[in-house]
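J.: The structure file target-v2.cif (mmCIF, C-alpha atoms) is provided below.
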```cif
data_final
#
loop_
_atom_site.label_atom_id
_atom_site.label_comp_id
_atom_site.auth_asym_id
_atom_site.auth_seq_id
_atom_site.Cartn_x
_atom_site.Cartn_y
_atom_site.Cartn_z
CA MET G 1 8.14 -7.79 10.98
CA LEU G 2 10.67 -5.33 9.60
CA GLY G 3 13.34 -6.11 12.18
CA VAL G 4 13.97 -4.90 15.71
CA TYR G 5 14.91 -1.33 14.77
CA ALA G 6 11.81 -0.80 12.65
CA ASP G 7 9.32 -2.74 14.77
CA LEU G 8 9.79 -0.44 17.76
CA PRO G 9 8.58 2.74 15.98
CA TRP G 10 5.94 0.59 14.24
CA SER G 11 4.61 -0.31 17.69
CA TYR G 12 4.23 3.36 18.59
CA ALA G 13 2.67 4.16 15.22
CA ALA G 14 0.16 1.31 15.66
CA GLY G 15 -1.03 2.60 19.04
CA ALA G 16 -1.18 6.16 17.75
CA GLY G 17 -2.98 5.05 14.59
CA ILE G 18 -5.69 3.17 16.48
CA ALA G 19 -6.28 6.21 18.68
CA LEU G 20 -6.38 8.50 15.64
CA ALA G 21 -8.84 6.20 13.89
CA ALA G 22 -11.13 6.58 16.93
CA ALA G 23 -10.64 10.36 16.96
CA HIS G 24 -14.33 11.23 16.89
CA GLN G 25 -15.13 8.90 19.76
CA LEU G 26 -12.15 9.98 21.88
CA ARG G 27 -12.52 13.66 21.02
CA GLY G 28 -16.10 13.57 22.25
CA ALA G 29 -14.94 12.14 25.56
CA ARG G 30 -14.08 15.61 26.89
CA ALA G 31 -17.61 16.89 26.53
CA ASP G 32 -18.97 13.70 28.11
CA ALA G 33 -16.51 13.87 31.02
CA ALA G 34 -17.33 17.52 31.60
CA GLY G 35 -21.00 16.60 31.94
CA THR G 36 -20.67 13.64 34.24
CA CYS G 37 -21.87 15.70 37.22
CA ASP G 38 -24.86 17.13 35.38
CA GLU G 39 -28.37 15.84 35.63
CA PRO G 40 -29.36 13.28 32.96
CA GLU G 41 -31.67 15.83 31.36
CA THR G 42 -28.80 18.29 31.03
CA ARG G 43 -26.54 15.71 29.44
CA ALA G 44 -29.30 14.71 27.07
CA GLY G 45 -29.76 18.34 26.07
CA ARG G 46 -26.02 18.76 25.51
CA ALA G 47 -25.97 15.65 23.32
CA ALA G 48 -28.90 16.97 21.29
CA GLU G 49 -27.01 20.21 20.70
CA ALA G 50 -23.70 18.49 19.92
CA VAL G 51 -21.31 20.43 17.74
CA PRO G 52 -21.33 19.03 14.17
CA GLY G 53 -18.39 16.70 13.64
CA ARG G 54 -18.33 15.56 17.26
CA ALA G 55 -19.48 12.09 18.18
CA PRO G 56 -22.64 12.30 20.32
CA ARG G 57 -22.38 8.74 21.67
CA VAL G 58 -19.30 8.83 23.85
CA ALA G 59 -20.38 6.77 26.87
CA GLY G 60 -17.40 4.65 27.85
CA ALA G 61 -15.05 6.30 25.35
CA THR G 62 -12.68 7.17 28.19
CA GLY G 63 -13.19 3.84 29.94
CA GLY G 64 -10.53 2.02 28.00
CA ARG G 65 -12.29 -0.03 25.34
CA HIS G 66 -10.26 1.57 22.57
CA PHE G 67 -7.09 1.25 24.63
CA ALA G 68 -7.94 -2.41 25.27
CA LEU G 69 -8.33 -2.90 21.52
CA ALA G 70 -4.91 -1.38 20.89
CA MET G 71 -3.37 -3.61 23.54
CA ALA G 72 -5.13 -6.68 22.14
CA TYR G 73 -3.67 -5.93 18.72
CA SER G 74 -0.21 -5.55 20.22
CA VAL G 75 -0.29 -8.65 22.43
CA LEU G 76 -2.19 -11.00 20.12
CA VAL G 77 -0.93 -9.96 16.68
CA PHE G 78 2.02 -7.60 16.51
CA VAL G 79 4.28 -8.90 19.28
CA PRO G 80 3.94 -12.62 18.34
CA THR G 81 4.76 -11.95 14.67
CA SER G 82 7.65 -9.63 15.55
CA VAL G 83 9.13 -12.04 18.09
CA PHE G 84 8.72 -14.95 15.69
CA VAL G 85 10.74 -13.20 12.98
CA ALA G 86 13.41 -12.11 15.50
CA ALA G 87 13.74 -15.65 16.87
CA ALA G 88 13.72 -17.37 13.48
CA TYR G 89 16.00 -14.90 11.70
CA PRO G 90 18.04 -13.16 14.41
CA GLN G 91 20.83 -11.90 12.16
CA TRP G 92 18.43 -10.21 9.75
CA ALA G 93 16.13 -8.90 12.50
CA THR G 94 19.06 -7.19 14.25
CA LEU G 95 20.56 -5.91 10.96
CA GLN G 96 23.38 -8.44 11.31
CA TYR G 97 24.60 -6.96 14.60
CA ARG G 98 23.72 -10.12 16.54
CA GLY G 99 24.38 -13.70 15.61
CA HIS G 100 21.62 -14.95 17.90
CA VAL G 101 19.10 -13.53 20.36
CA SER G 102 18.46 -14.79 23.87
CA HIS G 103 15.12 -15.37 25.56
CA GLY G 104 15.81 -12.29 27.66
CA PHE G 105 16.31 -10.22 24.50
CA LEU G 106 13.03 -11.46 23.03
CA THR G 107 11.21 -10.77 26.29
CA ALA G 108 12.60 -7.25 26.42
CA LEU G 109 11.62 -6.73 22.76
CA ALA G 110 8.06 -7.88 23.44
CA ALA G 111 7.76 -5.70 26.55
CA GLY G 112 9.16 -2.70 24.68
CA GLU G 113 6.72 -3.12 21.82
CA VAL G 114 3.74 -3.42 24.17
CA ALA G 115 4.89 -0.35 26.10
CA LEU G 116 5.39 1.69 22.93
CA THR G 117 1.95 0.72 21.62
CA ALA G 118 0.44 1.88 24.90
CA ALA G 119 2.47 5.10 24.81
CA GLY G 120 1.46 5.82 21.23
CA PHE G 121 -2.21 5.36 22.05
CA LEU G 122 -2.20 7.32 25.29
CA VAL G 123 -0.19 10.27 23.95
CA THR G 124 -2.39 10.51 20.86
CA ARG G 125 -5.55 10.10 22.91
CA GLY G 126 -4.44 12.91 25.23
CA LEU G 127 -3.81 15.19 22.27
CA LEU G 128 -7.19 14.32 20.75
CA VAL G 129 -9.07 15.01 23.99
CA ALA G 130 -7.23 18.34 24.25
CA GLY G 131 -8.30 19.20 20.71
CA ARG G 132 -4.75 19.07 19.31
CA ILE G 133 -5.78 17.12 16.22
CA ARG G 134 -2.81 18.22 14.14
CA TRP G 135 -0.32 17.04 16.77
CA ALA G 136 -2.22 13.79 17.20
CA THR G 137 -1.88 13.18 13.46
CA CYS G 138 1.84 13.96 13.70
CA GLN G 139 2.27 11.07 16.15
CA VAL G 140 1.50 8.65 13.33
CA ILE G 141 3.39 10.52 10.61
CA LEU G 142 6.59 11.00 12.59
CA ALA G 143 6.57 7.42 13.90
CA CYS G 144 6.24 6.20 10.30
CA LEU G 145 9.17 8.43 9.37
CA LEU G 146 11.31 6.87 12.11
CA LEU G 147 10.28 3.42 10.88
CA CYS G 148 11.36 4.26 7.33
CA LEU G 149 14.63 5.78 8.55
CA ALA G 150 15.36 2.59 10.48
CA VAL G 151 14.98 0.57 7.29
CA VAL G 152 16.63 2.98 4.85
CA HIS G 153 19.46 4.41 6.96
CA GLY G 154 19.82 2.12 9.95
CA PRO G 155 22.47 2.69 12.61
CA ASP G 156 25.32 3.13 10.12
CA GLY G 157 23.79 4.57 6.95
CA GLY G 158 23.58 1.18 5.23
CA GLY G 159 20.24 0.09 6.61
CA TRP G 160 18.84 -0.74 3.17
CA LYS G 161 21.80 -3.01 2.40
CA ARG G 162 21.39 -4.77 5.72
CA PHE G 163 17.63 -5.04 5.18
CA LEU G 164 18.16 -6.72 1.80
CA SER G 165 20.66 -9.22 3.24
CA THR G 166 19.39 -12.38 4.86
CA ASP G 167 22.39 -12.84 7.17
CA ARG G 168 25.95 -11.68 7.82
CA ALA G 169 27.43 -13.69 4.95
CA ASP G 170 24.85 -12.26 2.56
CA HIS G 171 25.60 -8.76 3.82
CA ARG G 172 29.32 -9.22 3.26
CA ALA G 173 28.54 -10.32 -0.30
CA PHE G 174 26.40 -7.25 -1.01
CA PRO G 175 27.66 -5.69 -4.28
CA PRO G 176 29.36 -2.28 -3.92
CA PHE G 177 27.51 0.72 -5.28
CA LEU G 178 30.09 2.84 -7.08
CA ASN G 179 28.39 3.70 -10.38
CA VAL G 180 25.28 3.03 -12.46
CA GLY G 181 26.74 -0.24 -13.71
CA ASP G 182 26.49 -1.65 -10.20
CA LEU G 183 22.70 -1.44 -10.24
CA GLY G 184 22.42 -4.80 -12.04
CA PRO G 185 24.23 -6.86 -9.39
CA ILE G 186 22.41 -4.97 -6.63
CA ALA G 187 19.06 -5.72 -8.28
CA ALA G 188 20.04 -9.39 -8.52
CA HIS G 189 20.98 -9.41 -4.84
CA ALA G 190 17.67 -7.77 -3.94
CA GLY G 191 15.81 -10.27 -6.10
CA GLY G 192 17.47 -13.12 -4.24
CA PHE G 193 16.33 -11.65 -0.94
CA LEU G 194 12.77 -11.04 -2.14
CA THR G 195 12.41 -14.69 -3.20
CA SER G 196 14.05 -16.19 -0.10
CA GLY G 197 12.37 -18.14 2.68
CA LEU G 198 12.91 -15.14 4.95
CA ALA G 199 10.99 -12.92 2.56
CA ALA G 200 8.13 -15.45 2.47
CA ALA G 201 7.95 -15.31 6.27
CA LEU G 202 7.94 -11.51 6.13
CA TYR G 203 5.13 -11.50 3.58
CA ALA G 204 3.00 -13.75 5.78
CA THR G 205 3.65 -12.00 9.09
CA GLY G 206 3.48 -8.54 7.49
CA ALA G 207 0.14 -9.31 5.85
CA LEU G 208 -1.24 -10.47 9.20
CA ALA G 209 0.08 -7.50 11.20
CA LEU G 210 -0.66 -4.81 8.63
CA GLY G 211 -3.96 -6.31 7.49
CA SER G 212 -5.39 -6.63 10.99
CA LEU G 213 -4.21 -3.12 11.90
CA GLY G 214 -5.81 -1.71 8.77
CA LEU G 215 -9.07 -3.52 9.54
CA VAL G 216 -9.17 -2.22 13.13
CA MET G 217 -8.43 1.35 12.07
CA CYS G 218 -10.92 1.24 9.20
CA VAL G 219 -13.77 -0.02 11.39
CA LEU G 220 -13.06 2.54 14.13
CA HIS G 221 -12.80 5.39 11.64
CA GLN G 222 -16.03 4.53 9.84
CA PHE G 223 -17.93 4.03 13.11
CA GLY G 224 -16.62 7.38 14.34
CA LEU G 225 -17.82 9.17 11.22
CA THR G 226 -21.23 7.55 11.54
CA ASP G 227 -21.56 8.44 15.23
CA ALA G 228 -20.49 12.02 14.57
CA GLY G 229 -22.78 12.41 11.58
CA ALA G 230 -19.77 13.66 9.64
CA ASP G 231 -19.17 13.31 5.92
CA GLY G 232 -15.87 11.57 5.40
CA PRO G 233 -13.95 9.24 3.11
CA GLY G 234 -14.91 5.64 2.65
CA PRO G 235 -12.53 2.80 3.48
CA LEU G 236 -10.84 2.89 0.07
CA ARG G 237 -10.05 6.59 0.16
CA ALA G 238 -8.93 6.38 3.79
CA GLY G 239 -6.63 3.52 2.79
CA LEU G 240 -5.19 5.66 -0.01
CA VAL G 241 -4.49 8.42 2.51
CA ALA G 242 -2.66 5.90 4.70
CA ALA G 243 -0.68 4.66 1.69
CA PHE G 244 0.20 8.25 0.80
CA ILE G 245 1.51 8.78 4.33
CA GLY G 246 3.63 5.65 4.07
CA GLY G 247 4.97 6.54 0.64
CA GLY G 248 5.66 10.14 1.60
CA THR G 249 7.57 9.20 4.74
CA ALA G 250 9.60 6.65 2.75
CA VAL G 251 10.63 9.33 0.24
CA VAL G 252 11.56 11.73 3.04
CA ALA G 253 13.57 8.97 4.73
CA VAL G 254 15.53 8.29 1.52
CA LEU G 255 16.29 11.98 1.01
CA THR G 256 17.28 12.45 4.66
CA SER G 257 19.53 9.40 4.56
CA ALA G 258 21.24 10.66 1.40
CA LEU G 259 21.83 14.07 2.98
CA VAL G 260 23.21 12.54 6.17
CA ASP G 261 25.52 10.29 4.15
CA GLY G 262 26.82 13.26 2.18
CA LEU G 263 26.96 15.98 4.81
CA GLY G 264 26.88 14.20 8.16
CA TRP G 265 24.40 14.28 11.04
CA VAL G 266 24.72 18.07 11.27
CA VAL G 267 22.36 18.25 8.30
CA LEU G 268 19.51 17.32 10.66
CA ALA G 269 19.72 20.85 12.04
CA ALA G 270 18.51 22.01 8.63
CA VAL G 271 16.14 19.11 7.99
CA ALA G 272 14.16 19.55 11.24
CA PRO G 273 12.85 23.06 10.43
CA VAL G 274 11.93 21.93 6.91
CA LEU G 275 9.99 18.98 8.34
CA TRP G 276 8.24 21.34 10.75
CA VAL G 277 7.08 23.60 7.91
CA ALA G 278 6.14 20.72 5.64
CA VAL G 279 4.50 18.39 8.18
CA ALA G 280 3.67 19.87 11.57
CA ALA G 281 2.99 23.56 10.95
CA ARG G 282 -0.61 24.70 10.83
CA GLY G 283 -2.03 24.09 7.38
CA ALA G 284 0.80 21.70 6.41
CA PHE G 285 0.73 17.96 5.68
CA ALA G 286 -0.67 16.84 9.05
CA SER G 287 -3.53 19.33 8.74
CA ALA G 288 -4.25 18.11 5.21
CA VAL G 289 -4.35 14.49 6.41
CA ALA G 290 -6.74 15.40 9.23
CA ALA G 291 -8.98 17.20 6.75
CA ASP G 292 -8.89 14.34 4.22
CA LEU G 293 -9.88 11.86 6.93
CA ALA G 294 -12.60 14.20 8.24
CA LEU G 295 -11.16 14.14 11.74
CA PRO G 296 -12.65 16.47 14.38
CA ALA G 297 -11.89 20.17 14.19
CA GLU G 298 -8.84 21.60 15.93
CA GLN G 299 -9.37 22.70 19.57
CA ASP G 300 -12.98 23.84 19.61
CA ALA G 301 -14.73 25.43 22.55
#
```
When written as structure tokens, how does the structure in this file appear?

T.:
Amino acid sequence: MLGVYADLPWSYAAGAGIALAAAHQLRGARADAAGTCDEPETRAGRAAEAVPGRAPRVAGATGGRHFALAMAYSVLVFVPTSVFVAAAYPQWATLQYRGHVSHGFLTALAAGEVALTAAGFLVTRGLLVAGRIRWATCQVILACLLLCLAVVHGPDGGGWKRFLSTDRADHRAFPPFLNVGDLGPIAAHAGGFLTSGLAAALYATGALALGSLGLVMCVLHQFGLTDAGADGPGPLRAGLVAAFIGGGTAVVAVLTSALVDGLGWVVLAAVAPVLWVAVAARGAFASAVAADLALPAEQDA
């Protein structure tokens, strides 16, 4: 519900997030799969000696129930709301690059979102089963970063202006930003957008898509902690971690967009190593998120 450019990475992030929320269940799948040829007594003994922090009840974890849940969210909630916004407000949804969208475009958008949700889940699930918890967490963080970049920067560096404009005429009327004195007209323009009928539709569809995703992830995460016998955050703290991820990626997107505007795309050659150290490196942000959420330990024996 943030437009075509943002909904595509959101789809991937949703699939990855559902898989990450079920990390304990999916992480335990490797031990269960490895014991499928053992006698029942052997499997029972292995379950009794389960490593702390690993879910002992993993029957069916690899059979697709979590994947089916991710696909149900995509098909029943995310895709309908996204397609509705794109069909009702095509100029805004395409950042004013299209005056209208065809049925073929909407079908391709829906198929792409379903495919990306599946890809996000399956890639993250594979990383979890392999014990690459940090990289599984990065799937969500980096997808959220791409989402924020799509909104803030967009294809031409003016994504935020296009986002705050209901249509092409509104975008053409967007006040120029030359000095501090221009902030007043820009704020008035933004206020007009935030109180428009389009914004009301975004509030409703966004609440449905984000609320249902949060509920699914919360339930899976809490069930996983219970099954694993692991001490972890309650729903409120887990929600705060998710909000911190969203806020952090938004700040990084704003800074990256400003650097690209000032120095050009070559600046990404410098930004990428910084992101690696700050987010993906061992002990960095992704590791801290995994620890805060009490996700399974990194690649155990």

J.: So, counting all atoms listed in the file, which residue among G:Val277, G:Ala286, G:Leu295, G:Val4 is closest to Gln25 (chain G)?

T.: G:Leu295

J.: Here's the selection I'm unsure about, the PyMOL selection byres ((chain G and resi 128-131) around 10); applied to the file above, which residues does it give, as an NGL selection string?

T.: :G and (19-20 or 22-31 or 62 or 122-127 or 132-137 or 295-301)

J.: Could you jot down the CA of His153 (chain G) to CA of Ala281 (chain G) separation for me, Å, one decimal place?

T.: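 Interatomic distance, CA of His153 (chain G) to CA of Ala281 (chain G): 25.6 Å.
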
J.: Can you tell me, as a list in words, what residues are no more than 12 Å from region 270-272 of chain G when counting only C-alpha atoms, ignoring any on the same chain fewer than 6 positions away?

T.: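 Those residues are Leu142, Val252, Ala253, Leu255, Thr256, Ser257, Ala258, Leu259, Val260, Leu263, Gly264, Ala278, Val279, Ala280 and Ala281 of chain G.
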
J.: With all atoms listed in the file as the basis for distance, which of G:Ala294, G:Leu69, G:Leu225, G:Leu275 is at the shortest distance from Cys138 (chain G)?

T.: G:Leu275

J.: List the spatial neighbours of His189 (chain G) as a PyMOL selection string - criterion: any atom at most 10 Å away, only C-alpha atoms, same-chain residues fewer than 4 positions off excluded.

T.: chain G and resi 161+164-165+170-171+173-175+183-185+193-194

J.: What does the structure give for the distance between CA of Trp160 (chain G) and CA of Tyr73 (chain G), in Å to one decimal?

T.: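 Atom-to-atom, CA of Trp160 (chain G) to CA of Tyr73 (chain G), that is 27.8 Å.
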
J.: Do you have the CA of Gly283 (chain G)-CA of Ile245 (chain G) distance handy?

T.: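 Those two atoms sit 16.0 Å apart.
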
J.: Padding 5 Å on every side, please: axis-aligned box over the listed atoms of region 184-195 of chain G, centre and edge lengths to one decimal in Å, as lines of an AutoDock Vina configuration file.

T.:
```
center_x = 18.3
center_y = -9.7
center_z = -6.5
size_x = 21.8
size_y = 19.9
size_z = 21.1
```

J.: With distances taken over only C-alpha atoms, which of G:Gln96, G:Pro80, G:Val152, G:Leu213 is nearest to Val251 (chain G)?

T.: G:Val152

J.: Find the residues near Ala88 (chain G): any atom within 9 Å, counting only C-alpha atoms, skip ones fewer than 5 places away on the same chain, and give them as a ChimeraX atom specification.

T.: /G:83,93,198
